[in-house]
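Q: Following this message is one structure expressed as structure tokens.
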Amino acid sequence: MIEMVIDARRKDLGGFEVGRILPFHARRMVGPFIFLDQMGPAEFAPGAEAVNVRPHPHIGLSTLTYLFEGEIMHRDNLGFTQAIRPGEVNWMTAGKGIVHSERTDPLKRSTGGPMHGMQAWIALPDEAEECDPAFYHHGEADQPTYENDGLFARLVAGEAYGTRATVKTTSPLFYVHWEMQAGVRTAPPPGRGTGGMSERALYVAKGMIEVGDQTFHRGQMIVLEPHAEPTVKALVPSTVMVMGGEPVGERLIWWNFVASSQARLDAASADWKAGRMKLPKDDAEEFIPLPETPAETKPEPTHPV
């Protein structure tokens, strides 16, 4: 039933903890999901720096930002400036190249407050790797929801449970947010054996759940076997992200770049180092420089902090 369990690698950034789940050395991707971070939970004091991600580039992927608490301001070199709040979705397709920043608005920083959310990268299929970059913001009403008997579910992106989210995806996938009260039982979208997705996983963002006869806690990803059809039970009030999809082929990931070839990673690195990728018009005073580590050593991505 369970193929693998991945523990988030947590890092304290001075009042702001981030847990990196994907990529993992033994499991680089789940479907097209090639990167997954949990941001927080954190409570920022008034005046604290909070989220302050300087402009940086991406290629070959779509980023999906989703918050449980707090607010982040997105700015990119297409001209979009957009705050994201809980229950909303920022979907940014990098394609052949985009540059963006993610920061806490100065007014929000002055008052402090909570921050908790998820950052996912979805690798683009071959035919979309070099597409034009784009950005989309979707409010809460754009994601189908279900609520009954202690379960709240929101389809953040993709298609599942007979419905589809508004987010425009480029390959078959689903991404679902569950809020489960203690004792609630539910099931993920079906696997390969019943016409569902080839690869699926559950990530416990808060609480504790039972899958089969095993117990899992906050910060653990449960990668399901392709034909498994488990029941998931919340042992305490829990927040779970459920994801899956079809593989898009082997992908290389280095820094903030995803590509199907080393040559494309090298070209993107050269473009950023030479200043050939435009900075956001409203956030052009600073940027994250290219790491000095050679691309073939595959350093951990710096995003989102």
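Naming works like this for the structure tokens: A, B, ... for the chains as they're shown, residue 1 at the start of each chain, ligands 1 onward in shown order.
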Report as a tab-separated table (two decimals) with C-alpha atoms, in the first residue's frame all protein, DNA and RNA residues lying within 9 Å of A:Pro46, evaluated on only C-alpha atoms, omitting residues in the same chain fewer than 4 positions from it.
A:
chain	number	residue	atom	x	y	z
A	108	LYS	CA	1.74	43.59	6.87
A	109	ARG	CA	5.31	43.38	8.12
A	110	SER	CA	4.75	46.34	10.43
A	111	THR	CA	1.82	44.63	12.15
A	112	GLY	CA	3.20	41.07	12.16
A	113	GLY	CA	1.05	37.98	12.03
Q: For A:Ile84, work out the shell of residues within 7 Å, counting only C-alpha atoms and skipping chain neighbours fewer than 3 positions away, then give it as a PyMOL selection string.
A: chain A and resi 71-73+88-90
Q: Taking the chain letters and numbering used in this document, name the residues of stretch 142-302 of chain A that DSSP puts in helix (DSSP H, G or I), as a VMD selection string.
A: chain A and resid 142 192 to 194 262 to 273 295 to 297
Q: Can you list every residue in stretch 111-186 of chain A that DSSP puts in strand (DSSP E or B), as a ChimeraX atom specification?
A: /A:113-123,134-138,145-148,151-160,163-164,173-180,185-186
Q: Tell me which of A:Phe33, A:Tyr66, A:Trp121, A:Phe135 sits closest to A:Ile98, counting only C-alpha atoms.
A: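 Under the stated criterion, the closest residue is A:Phe135.
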